[in-house]
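Here the structure comes first, spelled out in structure tokens, and everything after it is commentary.
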Amino acid sequence: MKKRAALILAASLFAFAECLAAGESQTEQLLRQPIPRPQAAEEQPSEQGQFFYDSYFEPSKVVQGSRPGRWREVTNRIGYKYRNIQGYLTVSQWQRFSVDNYTAHFGAYLIFPDSYAHAEAGWGWDVTYMYRFQSIIEYAHRIHKGLYWQVGYNFRNYATNDTYMVYPGLIYYFGNHYISMDYGMTLTERRGVANFGTVKGSFALTDRLSLSLGMAAGRRLYDIFVLPAYDQFGYIVFSGLNYDVCSWLTARVGYSYGTENPDFIKRSFNTSISLKF
């Protein structure tokens, strides 16, 4: 017990001194992201291109050990959709205990009648707790009717180590809804493997309003304290409401709650708008 307490204290002091309090918070962002909808077999890709713009804001209250504080994420994305290809550029500002880091990503979705693929590459600058480079590759394919298998891979390069994440799973589309389940494994360089599971879904309540719900549970979801994976169990629950104001404007509000052993709690509200033009 004394040894564990000493490890927690040392990790807390290290995080405070080096502003590494963000840990793997972008893992939460990855787990919460919505899933694209495959193209219907009878649907013809539009020959007319379309620009889109998203703006996302998430302030959070956190408690790390005995230390309360605030985190913040501001993300802006602009992209262009043509036929079955959707390319985008994302720029984010992250703030942890008044320390700012920045990241930018280029990515694209390819949507087909029976499958979709997603690739992304991102870089960080002025980083003290975020990654210096990351890449994402995801692919999903129809098994039968609305049931799809999917697999994703995420690599991140930090100043202290590299992380490798693999997350296979299933997606079931029905009507204007979907439910997905993933089982993920994260290998942190020199620190071993941690496991987690995710369940999330989106449900159309009306023609304009939809509800998203989800939960992730496992180890090293945030990786706040530098401890063995078996001492870092946690969970994240999240929800949101999306409202199509008109054909070119969608607004969203959401809430999430996350916690990780031994002493970390994060409470977040988030809002976003999406424009098509």
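Following the order of the structure tokens, first chain is A, next is B, and so on, with residues numbered from 1 inside each chain and ligands from 1 in the order they appear.
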
Can you build me a table of segment 223-246 of chain A residues sitting at most 9 Å from segment 199-209 of chain A, with the closest atom pair per residue and its distance in Å to one decimal, using only C-alpha atoms, sorted by chain and residue number, as CSV?
```
residue,atom,partner,partner_atom,distance
A:Phe238,CA,A:Lys200,CA,8.8
A:Leu241,CA,A:Leu209,CA,7.1
A:Asn242,CA,A:Leu209,CA,5.7
A:Tyr243,CA,A:Leu209,CA,4.6
A:Asp244,CA,A:Arg208,CA,4.9
A:Val245,CA,A:Arg208,CA,7.4
A:Cys246,CA,A:Arg208,CA,8.5
```

Using only C-alpha atoms, find each residue in segment 74-121 of chain A having at least one atom no more than 10 Å away from segment 149-162 of chain A; report its shortest atom-to-atom pair and that distance in Å (one decimal), rows by chain then rising number, as CSV.
```
residue,atom,partner,partner_atom,distance
A:Ser115,CA,A:Gln150,CA,9.2
A:Tyr116,CA,A:Gln150,CA,9.2
A:Ala117,CA,A:Gln150,CA,9.5
A:His118,CA,A:Gly152,CA,9.0
A:Ala119,CA,A:Tyr153,CA,9.7
A:Glu120,CA,A:Asn154,CA,9.4
A:Ala121,CA,A:Phe155,CA,9.5
```

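With only C-alpha atoms as the atoms that count, the minimum distance from Ser55 of chain A to the choices A:Leu147, A:Ile78, A:Ala229, A:Ile35 is reached by A:Ile78.
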
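Nearest-residue note for Tyr164 of chain A: choosing from A:Asn176, A:Gln48, A:Thr188, A:Asn101, the minimum distance belongs to A:Thr188, counting only C-alpha atoms.
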
Could you pull the residues within 8 Å of Val237 of chain A, counting only C-alpha atoms, minus those fewer than 5 positions along the same chain, as a PyMOL selection string?
chain A and resi 213-216+256-258

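By only C-alpha atoms, and with residues fewer than 2 positions from Arg220 of chain A along its chain excluded, the set lying at most 10 Å from it is A:Gly23, A:Glu24, A:Ser25, A:Thr27, A:Met185, A:Thr186, A:Thr188, A:Val193, A:Ala194, A:Asn195, A:Phe196, A:Ala217, A:Gly218, A:Tyr222, A:Asp223, A:Ile224, A:Phe225, A:Val226, A:Leu227, A:Pro228, A:Ala229, A:Tyr230, A:Asp231, A:Gln232, A:Phe233, A:Gly234, A:Tyr235, A:Glu260, A:Asn261.
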
File of the preceding selection, N, CA, C and O atoms, as a tab-separated table (two decimals), in the first residue's frame:
```tsv
chain	number	residue	atom	x	y	z
A	23	GLY	N	-2.82	12.99	-20.61
A	23	GLY	CA	-2.79	11.56	-20.77
A	23	GLY	C	-3.27	11.16	-22.16
A	23	GLY	O	-2.89	11.74	-23.16
A	24	GLU	N	-4.14	10.16	-22.19
A	24	GLU	CA	-4.69	9.68	-23.45
A	24	GLU	C	-6.10	10.24	-23.66
A	24	GLU	O	-7.00	9.51	-24.08
A	25	SER	N	-6.33	11.52	-23.36
A	25	SER	CA	-7.67	12.06	-23.49
A	25	SER	C	-8.20	11.98	-24.91
A	25	SER	O	-9.40	11.93	-25.14
A	27	THR	N	-8.01	9.47	-26.72
A	27	THR	CA	-8.65	8.16	-26.84
A	27	THR	C	-10.16	8.32	-26.67
A	27	THR	O	-10.95	7.73	-27.40
A	185	MET	N	-7.51	-2.89	-27.91
A	185	MET	CA	-6.26	-3.17	-27.19
A	185	MET	C	-5.27	-2.05	-27.48
A	185	MET	O	-5.06	-1.71	-28.65
A	186	THR	N	-4.71	-1.49	-26.45
A	186	THR	CA	-3.71	-0.42	-26.59
A	186	THR	C	-2.37	-0.89	-26.04
A	186	THR	O	-2.27	-1.27	-24.87
A	188	THR	N	1.18	0.38	-25.04
A	188	THR	CA	2.00	1.55	-24.74
A	188	THR	C	3.44	1.09	-24.61
A	188	THR	O	3.75	0.17	-23.85
A	193	VAL	N	0.20	-3.86	-22.43
A	193	VAL	CA	-1.09	-3.80	-23.12
A	193	VAL	C	-2.22	-3.50	-22.14
A	193	VAL	O	-2.23	-4.01	-21.01
A	194	ALA	N	-3.17	-2.68	-22.58
A	194	ALA	CA	-4.40	-2.42	-21.84
A	194	ALA	C	-5.58	-2.70	-22.76
A	194	ALA	O	-5.51	-2.50	-23.97
A	195	ASN	N	-6.71	-3.15	-22.18
A	195	ASN	CA	-7.88	-3.52	-22.96
A	195	ASN	C	-9.08	-2.65	-22.60
A	195	ASN	O	-9.18	-2.14	-21.48
A	196	PHE	N	-10.01	-2.51	-23.54
A	196	PHE	CA	-11.23	-1.76	-23.29
A	196	PHE	C	-12.33	-2.23	-24.24
A	196	PHE	O	-12.07	-2.87	-25.27
A	217	ALA	N	-15.53	1.15	-21.33
A	217	ALA	CA	-14.99	0.72	-20.04
A	217	ALA	C	-13.74	-0.11	-20.28
A	217	ALA	O	-13.67	-0.87	-21.25
A	218	GLY	N	-12.76	0.06	-19.41
A	218	GLY	CA	-11.53	-0.70	-19.57
A	218	GLY	C	-10.38	-0.04	-18.85
A	218	GLY	O	-10.58	0.74	-17.91
A	222	TYR	N	-7.54	7.04	-20.05
A	222	TYR	CA	-6.94	8.37	-19.95
A	222	TYR	C	-5.44	8.30	-19.69
A	222	TYR	O	-4.70	9.18	-20.10
A	223	ASP	N	-5.00	7.31	-18.96
A	223	ASP	CA	-3.57	7.13	-18.63
A	223	ASP	C	-3.00	8.36	-17.93
A	223	ASP	O	-1.96	8.88	-18.29
A	224	ILE	N	-3.70	8.80	-16.90
A	224	ILE	CA	-3.28	9.99	-16.16
A	224	ILE	C	-2.07	9.70	-15.28
A	224	ILE	O	-1.08	10.42	-15.29
A	225	PHE	N	-2.15	8.62	-14.52
A	225	PHE	CA	-1.06	8.26	-13.63
A	225	PHE	C	-0.23	7.16	-14.28
A	225	PHE	O	-0.77	6.24	-14.87
A	226	VAL	N	1.07	7.27	-14.19
A	226	VAL	CA	1.97	6.29	-14.82
A	226	VAL	C	2.02	5.05	-13.94
A	226	VAL	O	2.92	4.86	-13.12
A	227	LEU	N	1.02	4.18	-14.13
A	227	LEU	CA	0.85	2.98	-13.32
A	227	LEU	C	0.65	1.78	-14.23
A	227	LEU	O	0.37	1.93	-15.43
A	228	PRO	N	0.77	0.55	-13.70
A	228	PRO	CA	0.42	-0.62	-14.50
A	228	PRO	C	-1.04	-0.57	-14.93
A	228	PRO	O	-1.89	0.02	-14.25
A	229	ALA	N	-1.35	-1.20	-16.06
A	229	ALA	CA	-2.70	-1.14	-16.62
A	229	ALA	C	-3.75	-1.65	-15.65
A	229	ALA	O	-4.87	-1.10	-15.59
A	230	TYR	N	-3.43	-2.69	-14.85
A	230	TYR	CA	-4.45	-3.24	-13.95
A	230	TYR	C	-4.84	-2.27	-12.83
A	230	TYR	O	-5.85	-2.47	-12.15
A	231	ASP	N	-4.05	-1.21	-12.61
A	231	ASP	CA	-4.40	-0.19	-11.63
A	231	ASP	C	-5.09	1.02	-12.26
A	231	ASP	O	-5.31	2.03	-11.59
A	232	GLN	N	-5.43	0.95	-13.55
A	232	GLN	CA	-5.97	2.10	-14.26
A	232	GLN	C	-7.34	1.82	-14.88
A	232	GLN	O	-7.65	2.27	-15.98
A	233	PHE	N	-8.19	1.08	-14.19
A	233	PHE	CA	-9.52	0.82	-14.71
A	233	PHE	C	-10.36	2.09	-14.67
A	233	PHE	O	-10.30	2.89	-13.74
A	234	GLY	N	-11.18	2.30	-15.70
A	234	GLY	CA	-12.06	3.45	-15.75
A	234	GLY	C	-13.20	3.23	-16.71
A	234	GLY	O	-13.31	2.19	-17.37
A	235	TYR	N	-14.06	4.23	-16.81
A	235	TYR	CA	-15.16	4.16	-17.76
A	235	TYR	C	-15.54	5.57	-18.21
A	235	TYR	O	-15.22	6.58	-17.54
A	260	GLU	N	-11.15	7.39	-13.98
A	260	GLU	CA	-10.12	6.37	-14.06
A	260	GLU	C	-9.43	6.23	-12.72
A	260	GLU	O	-9.13	7.24	-12.05
A	261	ASN	N	-9.21	4.98	-12.30
A	261	ASN	CA	-8.47	4.74	-11.06
A	261	ASN	C	-7.01	5.19	-11.22
A	261	ASN	O	-6.46	5.13	-12.30
```

Could you give me, as JSON, numbers by chain, the residues within 12 Å of Gly254 of chain A, counting only C-alpha atoms and dropping anything in the same chain fewer than 5 positions from it?
{"A": [32, 56, 57, 58, 59, 60, 210, 211, 212, 213, 214, 237, 238, 239, 240, 241, 242, 243, 267, 268, 269, 270, 271, 272, 273]}

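Atom to atom, atom CA of Asp182 of chain A and atom CA of His141 of chain A stand 14.6 Å apart.
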
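The residue set within 12 Å of Asp54 of chain A, counting only C-alpha atoms and dropping same-chain residues fewer than 4 places from it, reads Val74, Thr75, Asn76, Arg77, Ile78, Gly79, Tyr80, Tyr88, Leu89, Thr90, Val91, Ser92, Trp248, Leu249, Thr250, Ala251, Arg252, Thr271, Ser272, Ile273, Ser274, Leu275, Lys276 and Phe277 of chain A.
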
Assign secondary structure with DSSP using the backbone only, and return the residues of segment 9-162 of chain A in helix (DSSP H, G or I) as a VMD selection string.
chain A and resid 9 to 18 25 to 32

Generate a file of the selected residues that holds C-alpha atoms, formatted as a short mmCIF file (atom, residue, chain, number, x, y, z; two decimals), in the first residue's frame.
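The resulting file, result.cif, is reproduced below:
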```
data_model
loop_
_atom_site.label_atom_id
_atom_site.label_comp_id
_atom_site.auth_asym_id
_atom_site.auth_seq_id
_atom_site.Cartn_x
_atom_site.Cartn_y
_atom_site.Cartn_z
CA LEU A 9 2.38 10.71 -5.55
CA ALA A 10 5.41 10.55 -7.83
CA ALA A 11 3.21 10.27 -10.92
CA SER A 12 1.10 13.23 -9.79
CA LEU A 13 4.13 15.43 -9.22
CA PHE A 14 5.55 14.42 -12.60
CA ALA A 15 2.27 15.24 -14.34
CA PHE A 16 2.11 18.62 -12.60
CA ALA A 17 5.68 19.55 -13.40
CA GLU A 18 5.56 18.50 -17.05
CA SER A 25 -7.67 12.06 -23.49
CA GLN A 26 -7.77 11.85 -27.28
CA THR A 27 -8.65 8.16 -26.84
CA GLU A 28 -11.98 9.42 -25.50
CA GLN A 29 -12.39 11.60 -28.59
CA LEU A 30 -11.71 8.60 -30.83
CA LEU A 31 -14.18 6.36 -28.99
CA ARG A 32 -16.94 9.00 -29.09
#
```

Minimum-distance residue to Asp114 of chain A, chosen among A:Val62, A:Tyr173, A:Gln134, A:Glu73 (using only C-alpha atoms)
A:Tyr173

Within 7 Å of Phe264 of chain A, counting only C-alpha atoms, which residues qualify if same-chain residues fewer than 6 places away don't, as an mmCIF file with N, CA and C atoms, in the first residue's frame?
```
data_model
loop_
_atom_site.group_PDB
_atom_site.id
_atom_site.type_symbol
_atom_site.label_atom_id
_atom_site.label_comp_id
_atom_site.auth_asym_id
_atom_site.auth_seq_id
_atom_site.Cartn_x
_atom_site.Cartn_y
_atom_site.Cartn_z
ATOM 1 N N VAL A 63 -10.831 16.513 -11.927
ATOM 2 C CA VAL A 63 -10.181 16.359 -10.621
ATOM 3 C C VAL A 63 -9.122 15.291 -10.796
ATOM 4 N N GLN A 64 -7.876 15.671 -10.597
ATOM 5 C CA GLN A 64 -6.739 14.759 -10.723
ATOM 6 C C GLN A 64 -6.105 14.618 -9.348
ATOM 7 N N GLY A 65 -6.383 13.502 -8.679
ATOM 8 C CA GLY A 65 -5.955 13.364 -7.298
ATOM 9 C C GLY A 65 -6.705 14.376 -6.442
#
```

A straight line from atom CA of Asp263 of chain A to atom CA of Thr163 of chain A spans 22.5 Å

Could you please write out, as a ChimeraX atom specification, every residue of segment 82-210 of chain A that DSSP assigns to strand (DSSP E)?
/A:82,85-96,99-111,115-125,133-144,147-157,162-166,169-174,177-188,192-204,209-210

Quick one: write out the picked residues with C-alpha atoms as an mmCIF file, in the first residue's frame?
```
data_model
loop_
_atom_site.group_PDB
_atom_site.id
_atom_site.type_symbol
_atom_site.label_atom_id
_atom_site.label_comp_id
_atom_site.auth_asym_id
_atom_site.auth_seq_id
_atom_site.Cartn_x
_atom_site.Cartn_y
_atom_site.Cartn_z
ATOM 1 C CA TYR A 82 -17.642 14.762 -54.006
ATOM 2 C CA ILE A 85 -15.161 10.796 -51.220
ATOM 3 C CA GLN A 86 -15.193 13.144 -48.239
ATOM 4 C CA GLY A 87 -11.900 14.888 -47.479
ATOM 5 C CA TYR A 88 -11.274 17.203 -44.541
ATOM 6 C CA LEU A 89 -8.789 19.313 -42.578
ATOM 7 C CA THR A 90 -9.144 19.627 -38.787
ATOM 8 C CA VAL A 91 -7.344 22.088 -36.482
ATOM 9 C CA SER A 92 -7.660 21.795 -32.688
ATOM 10 C CA GLN A 93 -6.609 23.784 -29.647
ATOM 11 C CA TRP A 94 -6.300 21.777 -26.423
ATOM 12 C CA GLN A 95 -5.966 23.334 -22.984
ATOM 13 C CA ARG A 96 -5.001 21.492 -19.805
ATOM 14 C CA VAL A 99 -1.390 25.076 -20.915
ATOM 15 C CA ASP A 100 -2.242 25.098 -24.645
ATOM 16 C CA ASN A 101 -1.261 22.474 -27.244
ATOM 17 C CA TYR A 102 -2.258 22.356 -30.923
ATOM 18 C CA THR A 103 -2.931 19.603 -33.469
ATOM 19 C CA ALA A 104 -3.946 19.442 -37.138
ATOM 20 C CA HIS A 105 -5.210 16.480 -39.185
ATOM 21 C CA PHE A 106 -5.802 15.625 -42.827
ATOM 22 C CA GLY A 107 -8.198 12.784 -43.555
ATOM 23 C CA ALA A 108 -10.704 11.256 -45.923
ATOM 24 C CA TYR A 109 -13.683 8.879 -45.935
ATOM 25 C CA LEU A 110 -14.492 6.657 -48.915
ATOM 26 C CA ILE A 111 -18.104 5.485 -48.800
ATOM 27 C CA SER A 115 -18.206 -0.789 -47.096
ATOM 28 C CA TYR A 116 -16.386 2.355 -46.039
ATOM 29 C CA ALA A 117 -12.739 3.255 -45.400
ATOM 30 C CA HIS A 118 -11.218 6.078 -43.360
ATOM 31 C CA ALA A 119 -7.625 7.311 -43.205
ATOM 32 C CA GLU A 120 -6.156 10.232 -41.257
ATOM 33 C CA ALA A 121 -2.744 11.679 -40.426
ATOM 34 C CA GLY A 122 -2.166 14.374 -37.805
ATOM 35 C CA TRP A 123 0.622 16.436 -36.273
ATOM 36 C CA GLY A 124 1.013 18.399 -33.068
ATOM 37 C CA TRP A 125 3.013 21.550 -32.365
ATOM 38 C CA PHE A 133 2.190 12.552 -34.790
ATOM 39 C CA GLN A 134 -0.784 10.240 -35.157
ATOM 40 C CA SER A 135 -2.352 8.100 -37.866
ATOM 41 C CA ILE A 136 -5.739 6.375 -38.110
ATOM 42 C CA ILE A 137 -6.886 3.655 -40.508
ATOM 43 C CA GLU A 138 -10.429 2.227 -40.311
ATOM 44 C CA TYR A 139 -12.388 -0.134 -42.529
ATOM 45 C CA ALA A 140 -15.890 -1.640 -42.356
ATOM 46 C CA HIS A 141 -17.610 -4.175 -44.632
ATOM 47 C CA ARG A 142 -21.085 -5.642 -44.824
ATOM 48 C CA ILE A 143 -21.581 -9.172 -43.474
ATOM 49 C CA HIS A 144 -25.347 -9.528 -43.973
ATOM 50 C CA LEU A 147 -24.628 -6.017 -40.087
ATOM 51 C CA TYR A 148 -21.016 -4.924 -40.711
ATOM 52 C CA TRP A 149 -17.659 -5.936 -39.275
ATOM 53 C CA GLN A 150 -15.117 -3.184 -38.763
ATOM 54 C CA VAL A 151 -11.528 -2.767 -37.624
ATOM 55 C CA GLY A 152 -9.477 0.296 -36.737
ATOM 56 C CA TYR A 153 -5.836 1.074 -36.057
ATOM 57 C CA ASN A 154 -4.438 4.164 -34.346
ATOM 58 C CA PHE A 155 -0.749 5.068 -33.865
ATOM 59 C CA ARG A 156 0.468 7.981 -31.750
ATOM 60 C CA ASN A 157 3.991 9.255 -31.215
ATOM 61 C CA ASP A 162 4.580 5.484 -28.721
ATOM 62 C CA THR A 163 1.119 3.922 -28.463
ATOM 63 C CA TYR A 164 -0.539 1.422 -30.804
ATOM 64 C CA MET A 165 -4.286 0.786 -30.679
ATOM 65 C CA VAL A 166 -6.330 -1.869 -32.516
ATOM 66 C CA GLY A 169 -15.920 -4.688 -33.748
ATOM 67 C CA LEU A 170 -19.413 -4.918 -35.235
ATOM 68 C CA ILE A 171 -21.891 -2.300 -36.485
ATOM 69 C CA TYR A 172 -25.599 -2.864 -37.024
ATOM 70 C CA TYR A 173 -27.575 -0.353 -39.116
ATOM 71 C CA PHE A 174 -31.368 -0.450 -38.972
ATOM 72 C CA HIS A 177 -30.289 4.122 -36.447
ATOM 73 C CA TYR A 178 -27.117 2.189 -35.680
ATOM 74 C CA ILE A 179 -25.472 0.343 -32.778
ATOM 75 C CA SER A 180 -21.765 -0.542 -32.647
ATOM 76 C CA MET A 181 -19.613 -2.643 -30.321
ATOM 77 C CA ASP A 182 -15.796 -2.622 -30.257
ATOM 78 C CA TYR A 183 -13.128 -4.445 -28.298
ATOM 79 C CA GLY A 184 -9.861 -2.538 -28.206
ATOM 80 C CA MET A 185 -6.262 -3.174 -27.189
ATOM 81 C CA THR A 186 -3.712 -0.422 -26.585
ATOM 82 C CA LEU A 187 0.004 -1.185 -26.464
ATOM 83 C CA THR A 188 2.002 1.545 -24.736
ATOM 84 C CA GLY A 192 2.461 -3.232 -21.868
ATOM 85 C CA VAL A 193 -1.087 -3.797 -23.120
ATOM 86 C CA ALA A 194 -4.397 -2.415 -21.839
ATOM 87 C CA ASN A 195 -7.880 -3.525 -22.964
ATOM 88 C CA PHE A 196 -11.233 -1.759 -23.286
ATOM 89 C CA GLY A 197 -14.699 -2.199 -24.763
ATOM 90 C CA THR A 198 -17.076 0.325 -26.320
ATOM 91 C CA VAL A 199 -20.815 0.290 -27.044
ATOM 92 C CA LYS A 200 -22.464 3.266 -28.752
ATOM 93 C CA GLY A 201 -25.395 4.088 -30.960
ATOM 94 C CA SER A 202 -27.383 6.769 -32.727
ATOM 95 C CA PHE A 203 -31.187 6.757 -32.796
ATOM 96 C CA ALA A 204 -33.479 8.967 -34.882
ATOM 97 C CA LEU A 209 -33.805 15.097 -34.042
ATOM 98 C CA SER A 210 -31.471 12.199 -33.156
#
```
